Amino acid sequence: MSAARTDSQDPGAPGSAGVLETRLVDVSREKFARDVWGRTALLTRGASDFSDLFSADAVDELIARRGLRTPFLRVAKGGSTFPDSSFTSSAGVGATISDQLDDTALWRKFADGATLVLQALHRTWEPAADFCTRLSTELGHPVQANAYITPPQNRGFDDHYDVHDVFVLQIAGTKRWIIHEPVHVDPLRDQPWTDHRSAVAEAAKGSAYLDVVLEPGDALYLPRGWLHAAQAQGAVSIHLTLGVHSWTRCGLAEQLAQAALESLRDDPAMRRTLPLGVDGPSGEIDAIRERLAAAITEADPTPLFHRTRRGQGRPAPLGPLAQLTAVEALGTGVAVRLRGALEARLEGSRLTTRVGWLDFPETDLPAVTRLLDGAVHWADDLGAELVERLLRAGVLVPAEQ
């Protein structure tokens with residue numbers, strides 16, 4: 001049986017418009033992929049009302065009432081970040097935690113012009129998390145979310161570039177963005193802007209590629225490597241940054257090389273000890289190079305790629321009490337569906353997901369294949385024994401969850 005694709009219908013399939021087209025850009029998915037993605041900046045005026053994703057109330061709730069800890073928040077001013085100890089404190093009686101956010105300290109820094117950066121909102125704020133999951137599914141690359149809250153006439157960071165693509169969504173207030181073309185095109189994760197600090201500073205003195213003020217509802221796309229600096233205007237600015245951690249050809253090459261090396265570990269000749277008294281590897285290199293080249297030609301990095309990709313994200317939330325209720329109600333008309341964001345793949349008789357893998361007998365494969373469409377199914381139609389197994393494994397969830 002060939003591999004069956006994942007959690008739900010592809011939002012980017014022909015005839016369907018996903019969040020990229022409907023909320024982030026004013027060009028078609030095809031044009032964005034051909035002319036913009038990874039190539040150039042794109043400003044979209046009035047892209048969408050983003051208030052459902054984040055807001056000023058969300059900022060106050062996360063800082064004052066959620067008990068967040070570092071590194072879920074950074075604080076920056078004038079291009080430098082403050083040490084965590086300057087805005088964290090003990091959680092008090094009953095919670096021996098020394099690094100929870102101190103809302104009083106944060107208020108004082110904010111009032112003095114510091115930018116608050118709420119990080120990893122794809123883990124702490126459900127609307128942003130759901131949106132990141134949908135966008136990641138469409139793009140085929142992991143997506144994270146940070147929020148930047150900047151007082152009037154202040155900036156948190158000097159000119160720099162990111163090592164991931166970003167979509168900037170203006171939530172409240174206005175912010176001026178000055179964009180310059182890259183000094184180091186398509187930087188990898190281990191090639192930060194600080195490696196090119198002088199070149200970045202020099203480029204920032206030149207004519208800008210874009211000099212724009214973002215207003216609520218505007219969206220700005222920047223490929224990795226594009227220089228940018230931003231300053232709030234006459235009111236508090238809140239914007240959401242969606243970071244797209246792009247897979248690269250270099251990343252795939254690493255996967256291919258790793259798959260080849262794993263195969264060489266099974267070759268007795270490659271495990272053999274070098275000759276006694278060998279003076280350097282020169283006498284062995286040609287033979288090893290030939291065998292490594294053959295291993296790369298034969299290697300299939302696909303399983304390793306999917307395993308790595310599954311490890312870069314988390315499945316949709318699962319409520320243990322709702323799961324138990326569904327298990328106990330089997331046989332009384334329970335509706336279930338595949339858990340979201342599982343990166344589920346059926347390869348032969350094995351289902352691999354972000355929560356592990358399961359093998360199935362041939363008789364169960366038609367039902368398992370049906371579940372991969374992401375639709376709601378009745379447990380009785382699939383078989384109570386199979387559904388219970390998948391509920392207990394965290395692969396299926398009640399339809400209403």
# chains A, B, ... in the order shown; residues from 1 in each chain; ligands from 1
$ select_by_dssp --residues "segment 232-279 of chain A" --states "alpha helix (DSSP H)" --output "list in words"
Arg249, Cys250, Gly251, Leu252, Ala253, Glu254, Gln255, Leu256, Ala257, Gln258, Ala259, Ala260, Leu261, Glu262, Ser263, Leu264, Pro268, Ala269, Met270 and Arg271 of chain A
$ residues_around --residues "segment 117-131 of chain A" --least-positions-apart "5" --cutoff "10 Å" --atoms "only C-alpha atoms" --output "PyMOL selection string"
chain A and resi 19+51-54+58-59+62-63+66+68+70-76+136-137+143-150+156+238-243+313-314+316-317+340-341
$ closest_residue --among "A:Ile178, A:Ala257, A:Ala47, A:Ala399" --to "Ala294 of chain A" --atoms "only C-alpha atoms"
A:Ala257
$ residues_around --residues "Phe157 of chain A" --least-positions-apart "6" --cutoff "8 Å" --atoms "only C-alpha atoms" --output "number ranges by chain"
A: 76-80, 229-230
$ write_last_selection --atoms "all heavy atoms" --output "PDB file, in the first residue's frame"
ATOM      1  N   ALA A  76      13.565  44.298  25.369  1.00  0.00           N
ATOM      2  CA  ALA A  76      14.653  44.943  24.632  1.00  0.00           C
ATOM      3  C   ALA A  76      14.441  46.447  24.565  1.00  0.00           C
ATOM      4  O   ALA A  76      13.308  46.938  24.581  1.00  0.00           O
ATOM      5  CB  ALA A  76      14.736  44.375  23.215  1.00  0.00           C
ATOM      6  N   LYS A  77      15.555  47.170  24.464  1.00  0.00           N
ATOM      7  CA  LYS A  77      15.497  48.618  24.302  1.00  0.00           C
ATOM      8  C   LYS A  77      16.782  49.086  23.641  1.00  0.00           C
ATOM      9  O   LYS A  77      17.869  48.687  24.062  1.00  0.00           O
ATOM     10  CB  LYS A  77      15.314  49.317  25.655  1.00  0.00           C
ATOM     11  CG  LYS A  77      15.164  50.836  25.539  1.00  0.00           C
ATOM     12  CD  LYS A  77      15.005  51.488  26.914  1.00  0.00           C
ATOM     13  CE  LYS A  77      14.876  53.007  26.773  1.00  0.00           C
ATOM     14  NZ  LYS A  77      14.792  53.665  28.100  1.00  0.00           N
ATOM     15  N   GLY A  78      16.621  49.897  22.594  1.00  0.00           N
ATOM     16  CA  GLY A  78      17.789  50.476  21.938  1.00  0.00           C
ATOM     17  C   GLY A  78      18.758  49.462  21.388  1.00  0.00           C
ATOM     18  O   GLY A  78      19.967  49.691  21.366  1.00  0.00           O
ATOM     19  N   GLY A  79      18.250  48.321  20.942  1.00  0.00           N
ATOM     20  CA  GLY A  79      19.101  47.319  20.320  1.00  0.00           C
ATOM     21  C   GLY A  79      19.688  46.301  21.263  1.00  0.00           C
ATOM     22  O   GLY A  79      20.395  45.388  20.818  1.00  0.00           O
ATOM     23  N   SER A  80      19.420  46.397  22.558  1.00  0.00           N
ATOM     24  CA  SER A  80      19.955  45.441  23.531  1.00  0.00           C
ATOM     25  C   SER A  80      18.821  44.802  24.323  1.00  0.00           C
ATOM     26  O   SER A  80      17.766  45.410  24.521  1.00  0.00           O
ATOM     27  CB  SER A  80      20.919  46.139  24.499  1.00  0.00           C
ATOM     28  OG  SER A  80      22.001  46.709  23.806  1.00  0.00           O
ATOM     29  N   ALA A 229      14.590  47.146  10.412  1.00  0.00           N
ATOM     30  CA  ALA A 229      14.494  47.802  11.712  1.00  0.00           C
ATOM     31  C   ALA A 229      13.127  48.456  11.753  1.00  0.00           C
ATOM     32  O   ALA A 229      12.596  48.883  10.722  1.00  0.00           O
ATOM     33  CB  ALA A 229      15.596  48.831  11.898  1.00  0.00           C
ATOM     34  N   ALA A 230      12.533  48.526  12.942  1.00  0.00           N
ATOM     35  CA  ALA A 230      11.161  49.044  13.040  1.00  0.00           C
ATOM     36  C   ALA A 230      11.023  49.923  14.273  1.00  0.00           C
ATOM     37  O   ALA A 230      11.612  49.631  15.323  1.00  0.00           O
ATOM     38  CB  ALA A 230      10.162  47.885  13.105  1.00  0.00           C
TER      39      ALA A 230
END
$ closest_residue --among "A:Arg224, A:Arg370, A:Arg134, A:Arg34" --to "His184 of chain A" --atoms "only C-alpha atoms"
A:Arg224
$ atom_distance --atom1 "atom CA of Phe32 of chain A" --atom2 "atom CA of Gly217 of chain A"
19.1 Å
$ closest_atom_pairs --of "segment 114-203 of chain A" --to "segment 37-41 of chain A" --cutoff "10 Å" --atoms "only C-alpha atoms" --output "Markdown table"
| residue | atom | partner | partner_atom | distance |
| --- | --- | --- | --- | --- |
| A:His164 | CA | A:Gly38 | CA | 9.8 |
| A:Asp165 | CA | A:Gly38 | CA | 7.5 |
| A:Val166 | CA | A:Ala41 | CA | 9.8 |
| A:Phe167 | CA | A:Ala41 | CA | 9.8 |
| A:Ile179 | CA | A:Ala41 | CA | 8.5 |
| A:His180 | CA | A:Ala41 | CA | 9.5 |
| A:Glu181 | CA | A:Thr40 | CA | 8.5 |
| A:Pro182 | CA | A:Thr40 | CA | 9.9 |
| A:Val185 | CA | A:Arg39 | CA | 9.6 |
| A:Asp186 | CA | A:Gly38 | CA | 7.9 |
$ write_last_selection --atoms "C-alpha atoms" --output "PDB file, in the first residue's frame"
ATOM      1  CA  HIS A 164      13.904  32.425   9.024  1.00  0.00           C
ATOM      2  CA  ASP A 165      11.249  33.976   6.801  1.00  0.00           C
ATOM      3  CA  VAL A 166       8.661  36.141   8.545  1.00  0.00           C
ATOM      4  CA  PHE A 167       5.140  37.413   8.079  1.00  0.00           C
ATOM      5  CA  ILE A 179      13.875  47.282   4.810  1.00  0.00           C
ATOM      6  CA  HIS A 180      17.183  46.685   3.002  1.00  0.00           C
ATOM      7  CA  GLU A 181      18.219  43.852   0.716  1.00  0.00           C
ATOM      8  CA  PRO A 182      20.437  41.077   2.121  1.00  0.00           C
ATOM      9  CA  VAL A 185      21.594  35.794   0.971  1.00  0.00           C
ATOM     10  CA  ASP A 186      19.576  32.905   2.448  1.00  0.00           C
TER      11      ASP A 186
END
$ atom_distance --atom1 "atom CA of Trp226 of chain A" --atom2 "atom CA of Leu256 of chain A"
28.6 Å
$ closest_residue --among "A:Asp364, A:Glu290, A:Asp49, A:Glu400" --to "Asp218 of chain A" --atoms "only C-alpha atoms"
A:Asp49
$ atom_distance --atom1 "atom CA of Arg289 of chain A" --atom2 "atom CA of Leu304 of chain A"
22.5 Å
$ select_by_dssp --residues "segment 228-361 of chain A" --states "strand (DSSP E)" --output "PDB file with N, CA and C atoms, in the first residue's frame"
ATOM      1  N   HIS A 228      16.158  44.585   8.423  1.00  0.00           N
ATOM      2  CA  HIS A 228      15.000  45.378   8.841  1.00  0.00           C
ATOM      3  C   HIS A 228      15.226  45.990  10.214  1.00  0.00           C
ATOM      4  N   ALA A 229      14.590  47.146  10.412  1.00  0.00           N
ATOM      5  CA  ALA A 229      14.494  47.802  11.712  1.00  0.00           C
ATOM      6  C   ALA A 229      13.127  48.456  11.753  1.00  0.00           C
ATOM      7  N   ALA A 230      12.533  48.526  12.942  1.00  0.00           N
ATOM      8  CA  ALA A 230      11.161  49.044  13.040  1.00  0.00           C
ATOM      9  C   ALA A 230      11.023  49.923  14.273  1.00  0.00           C
ATOM     10  N   GLN A 231      10.238  50.978  14.136  1.00  0.00           N
ATOM     11  CA  GLN A 231      10.014  51.913  15.246  1.00  0.00           C
ATOM     12  C   GLN A 231       8.541  52.263  15.346  1.00  0.00           C
ATOM     13  N   ALA A 232       8.000  52.162  16.574  1.00  0.00           N
ATOM     14  CA  ALA A 232       6.610  52.543  16.803  1.00  0.00           C
ATOM     15  C   ALA A 232       6.437  54.028  16.539  1.00  0.00           C
ATOM     16  N   SER A 237       2.541  50.127  19.635  1.00  0.00           N
ATOM     17  CA  SER A 237       2.450  49.221  18.486  1.00  0.00           C
ATOM     18  C   SER A 237       2.478  47.777  18.968  1.00  0.00           C
ATOM     19  N   ILE A 238       1.548  47.000  18.436  1.00  0.00           N
ATOM     20  CA  ILE A 238       1.546  45.554  18.672  1.00  0.00           C
ATOM     21  C   ILE A 238       1.554  44.878  17.312  1.00  0.00           C
ATOM     22  N   HIS A 239       2.553  44.036  17.087  1.00  0.00           N
ATOM     23  CA  HIS A 239       2.505  43.232  15.861  1.00  0.00           C
ATOM     24  C   HIS A 239       2.875  41.795  16.172  1.00  0.00           C
ATOM     25  N   LEU A 240       2.351  40.927  15.358  1.00  0.00           N
ATOM     26  CA  LEU A 240       2.594  39.493  15.468  1.00  0.00           C
ATOM     27  C   LEU A 240       3.556  39.106  14.357  1.00  0.00           C
ATOM     28  N   THR A 241       4.616  38.421  14.711  1.00  0.00           N
ATOM     29  CA  THR A 241       5.563  37.923  13.717  1.00  0.00           C
ATOM     30  C   THR A 241       5.440  36.411  13.635  1.00  0.00           C
ATOM     31  N   LEU A 242       5.118  35.925  12.439  1.00  0.00           N
ATOM     32  CA  LEU A 242       5.075  34.489  12.188  1.00  0.00           C
ATOM     33  C   LEU A 242       6.390  34.095  11.535  1.00  0.00           C
ATOM     34  N   GLY A 243       7.193  33.329  12.236  1.00  0.00           N
ATOM     35  CA  GLY A 243       8.489  32.903  11.724  1.00  0.00           C
ATOM     36  C   GLY A 243       8.389  31.563  11.029  1.00  0.00           C
ATOM     37  N   VAL A 244       8.797  31.513   9.767  1.00  0.00           N
ATOM     38  CA  VAL A 244       8.735  30.288   8.967  1.00  0.00           C
ATOM     39  C   VAL A 244      10.136  29.688   8.890  1.00  0.00           C
ATOM     40  N   ALA A 335     -18.484   9.901  18.085  1.00  0.00           N
ATOM     41  CA  ALA A 335     -17.871  10.422  16.864  1.00  0.00           C
ATOM     42  C   ALA A 335     -16.430  10.815  17.163  1.00  0.00           C
ATOM     43  N   VAL A 336     -15.514  10.446  16.272  1.00  0.00           N
ATOM     44  CA  VAL A 336     -14.090  10.714  16.475  1.00  0.00           C
ATOM     45  C   VAL A 336     -13.490  11.275  15.194  1.00  0.00           C
ATOM     46  N   ARG A 337     -12.299  11.832  15.347  1.00  0.00           N
ATOM     47  CA  ARG A 337     -11.538  12.316  14.190  1.00  0.00           C
ATOM     48  C   ARG A 337     -10.054  12.201  14.500  1.00  0.00           C
ATOM     49  N   LEU A 338      -9.252  12.294  13.453  1.00  0.00           N
ATOM     50  CA  LEU A 338      -7.808  12.268  13.633  1.00  0.00           C
ATOM     51  C   LEU A 338      -7.371  13.523  14.386  1.00  0.00           C
ATOM     52  N   ARG A 345       1.374   9.528   8.719  1.00  0.00           N
ATOM     53  CA  ARG A 345       1.632   8.892   7.420  1.00  0.00           C
ATOM     54  C   ARG A 345       1.470   7.395   7.565  1.00  0.00           C
ATOM     55  N   LEU A 346       0.738   6.798   6.640  1.00  0.00           N
ATOM     56  CA  LEU A 346       0.577   5.350   6.609  1.00  0.00           C
ATOM     57  C   LEU A 346       1.492   4.800   5.526  1.00  0.00           C
ATOM     58  N   GLU A 347       2.478   4.046   5.937  1.00  0.00           N
ATOM     59  CA  GLU A 347       3.441   3.458   5.017  1.00  0.00           C
ATOM     60  C   GLU A 347       3.402   1.955   5.205  1.00  0.00           C
ATOM     61  N   ARG A 350       2.239   0.381   8.699  1.00  0.00           N
ATOM     62  CA  ARG A 350       2.677   1.175   9.862  1.00  0.00           C
ATOM     63  C   ARG A 350       2.193   2.618   9.743  1.00  0.00           C
ATOM     64  N   LEU A 351       1.570   3.105  10.812  1.00  0.00           N
ATOM     65  CA  LEU A 351       1.164   4.508  10.905  1.00  0.00           C
ATOM     66  C   LEU A 351       2.171   5.224  11.791  1.00  0.00           C
ATOM     67  N   THR A 352       2.856   6.230  11.216  1.00  0.00           N
ATOM     68  CA  THR A 352       3.807   7.020  11.999  1.00  0.00           C
ATOM     69  C   THR A 352       3.211   8.392  12.251  1.00  0.00           C
ATOM     70  N   THR A 353       3.368   8.891  13.479  1.00  0.00           N
ATOM     71  CA  THR A 353       2.797  10.176  13.874  1.00  0.00           C
ATOM     72  C   THR A 353       3.748  10.871  14.833  1.00  0.00           C
ATOM     73  N   GLY A 356       4.178   8.780  18.057  1.00  0.00           N
ATOM     74  CA  GLY A 356       4.686   7.417  17.977  1.00  0.00           C
ATOM     75  C   GLY A 356       4.171   6.700  16.736  1.00  0.00           C
ATOM     76  N   TRP A 357       4.425   5.390  16.681  1.00  0.00           N
ATOM     77  CA  TRP A 357       3.992   4.608  15.524  1.00  0.00           C
ATOM     78  C   TRP A 357       3.200   3.395  15.982  1.00  0.00           C
ATOM     79  N   LEU A 358       2.347   2.908  15.086  1.00  0.00           N
ATOM     80  CA  LEU A 358       1.510   1.744  15.350  1.00  0.00           C
ATOM     81  C   LEU A 358       1.489   0.864  14.111  1.00  0.00           C
ATOM     82  N   ASP A 359       1.554  -0.443  14.315  1.00  0.00           N
ATOM     83  CA  ASP A 359       1.395  -1.408  13.224  1.00  0.00           C
ATOM     84  C   ASP A 359      -0.015  -1.988  13.271  1.00  0.00           C
TER      85      ASP A 359
END
$ residues_around --residues "segment 378-390 of chain A" --least-positions-apart "3" --cutoff "9 Å" --atoms "only C-alpha atoms" --output "ChimeraX atom specification"
/A:326-327,330-337,358,364,367-368,370-371,393-397
$ residues_around --residues "Pro216 of chain A" --least-positions-apart "3" --cutoff "9 Å" --atoms "only C-alpha atoms" --output "list in words"
Gly46, Ser48, Asp49, Phe50, Ser51, Leu169, Gln170, Ile171, Ala172, Gly173, Thr174, Ala219, Ile238 and His239 of chain A
$ write_last_selection --atoms "N, CA, C and O atoms" --output "mmCIF file, in the first residue's frame"
data_model
loop_
_atom_site.group_PDB
_atom_site.id
_atom_site.type_symbol
_atom_site.label_atom_id
_atom_site.label_comp_id
_atom_site.auth_asym_id
_atom_site.auth_seq_id
_atom_site.Cartn_x
_atom_site.Cartn_y
_atom_site.Cartn_z
ATOM 1 N N GLY A 46 -4.056 46.230 4.168
ATOM 2 C CA GLY A 46 -5.395 45.739 4.481
ATOM 3 C C GLY A 46 -5.556 44.261 4.233
ATOM 4 O O GLY A 46 -6.595 43.803 3.738
ATOM 5 N N SER A 48 -5.935 41.748 6.327
ATOM 6 C CA SER A 48 -6.959 41.075 7.126
ATOM 7 C C SER A 48 -7.123 41.808 8.446
ATOM 8 O O SER A 48 -6.261 42.585 8.856
ATOM 9 N N ASP A 49 -8.241 41.553 9.111
ATOM 10 C CA ASP A 49 -8.406 41.979 10.501
ATOM 11 C C ASP A 49 -7.795 40.893 11.376
ATOM 12 O O ASP A 49 -8.316 39.779 11.445
ATOM 13 N N PHE A 50 -6.682 41.197 12.017
ATOM 14 C CA PHE A 50 -5.952 40.186 12.783
ATOM 15 C C PHE A 50 -6.332 40.167 14.259
ATOM 16 O O PHE A 50 -5.677 39.489 15.061
ATOM 17 N N SER A 51 -7.375 40.890 14.642
ATOM 18 C CA SER A 51 -7.724 40.989 16.064
ATOM 19 C C SER A 51 -8.170 39.659 16.652
ATOM 20 O O SER A 51 -8.162 39.495 17.877
ATOM 21 N N LEU A 169 2.385 40.853 11.028
ATOM 22 C CA LEU A 169 0.961 41.206 11.024
ATOM 23 C C LEU A 169 0.745 42.338 12.022
ATOM 24 O O LEU A 169 0.927 42.150 13.231
ATOM 25 N N GLN A 170 0.375 43.515 11.546
ATOM 26 C CA GLN A 170 0.170 44.648 12.441
ATOM 27 C C GLN A 170 -1.179 44.516 13.129
ATOM 28 O O GLN A 170 -2.221 44.450 12.487
ATOM 29 N N ILE A 171 -1.140 44.487 14.464
ATOM 30 C CA ILE A 171 -2.348 44.271 15.267
ATOM 31 C C ILE A 171 -2.942 45.593 15.737
ATOM 32 O O ILE A 171 -4.141 45.842 15.607
ATOM 33 N N ALA A 172 -2.102 46.449 16.308
ATOM 34 C CA ALA A 172 -2.581 47.725 16.866
ATOM 35 C C ALA A 172 -1.486 48.771 16.727
ATOM 36 O O ALA A 172 -0.289 48.450 16.696
ATOM 37 N N GLY A 173 -1.898 50.054 16.669
ATOM 38 C CA GLY A 173 -0.928 51.120 16.504
ATOM 39 C C GLY A 173 -0.285 51.077 15.130
ATOM 40 O O GLY A 173 -0.727 50.355 14.227
ATOM 41 N N THR A 174 0.768 51.842 14.960
ATOM 42 C CA THR A 174 1.493 51.883 13.695
ATOM 43 C C THR A 174 2.983 51.742 13.957
ATOM 44 O O THR A 174 3.476 52.107 15.027
ATOM 45 N N ALA A 219 0.056 43.485 6.315
ATOM 46 C CA ALA A 219 0.955 42.339 6.464
ATOM 47 C C ALA A 219 2.197 42.566 5.609
ATOM 48 O O ALA A 219 2.123 43.089 4.494
ATOM 49 N N ILE A 238 1.548 47.000 18.436
ATOM 50 C CA ILE A 238 1.546 45.554 18.672
ATOM 51 C C ILE A 238 1.554 44.878 17.312
ATOM 52 O O ILE A 238 0.687 45.142 16.475
ATOM 53 N N HIS A 239 2.553 44.036 17.087
ATOM 54 C CA HIS A 239 2.505 43.232 15.861
ATOM 55 C C HIS A 239 2.875 41.795 16.172
ATOM 56 O O HIS A 239 3.574 41.494 17.149
#
$ closest_residue --among "A:Leu214, A:Ala344, A:Val168, A:Ala260" --to "His306 of chain A" --atoms "only C-alpha atoms"
A:Ala344
$ residues_around --residues "Asp84 of chain A" --least-positions-apart "2" --cutoff "8 Å" --atoms "only C-alpha atoms" --output "MDAnalysis selection string"
chainID A and resid 70 74 82 86:88 99
$ residues_around --residues "Ser98 of chain A" --least-positions-apart "3" --cutoff "9 Å" --atoms "only C-alpha atoms" --output "VMD selection string"
chain A and resid 69 88 to 92 95
$ write_last_selection --atoms "C-alpha atoms" --output "PDB file, in the first residue's frame"
ATOM      1  CA  ARG A  69       8.291  31.978  32.690  1.00  0.00           C
ATOM      2  CA  THR A  88      11.419  37.931  36.760  1.00  0.00           C
ATOM      3  CA  SER A  89      10.842  37.021  40.381  1.00  0.00           C
ATOM      4  CA  SER A  90       9.731  34.215  42.680  1.00  0.00           C
ATOM      5  CA  ALA A  91       6.251  32.779  42.168  1.00  0.00           C
ATOM      6  CA  GLY A  92       5.466  32.921  45.883  1.00  0.00           C
ATOM      7  CA  ALA A  95       5.248  27.415  43.613  1.00  0.00           C
TER       8      ALA A  95
END
$ closest_residue --among "A:Leu210, A:Leu372, A:Phe360, A:Glu328" --to "Leu391 of chain A" --atoms "only C-alpha atoms"
A:Glu328
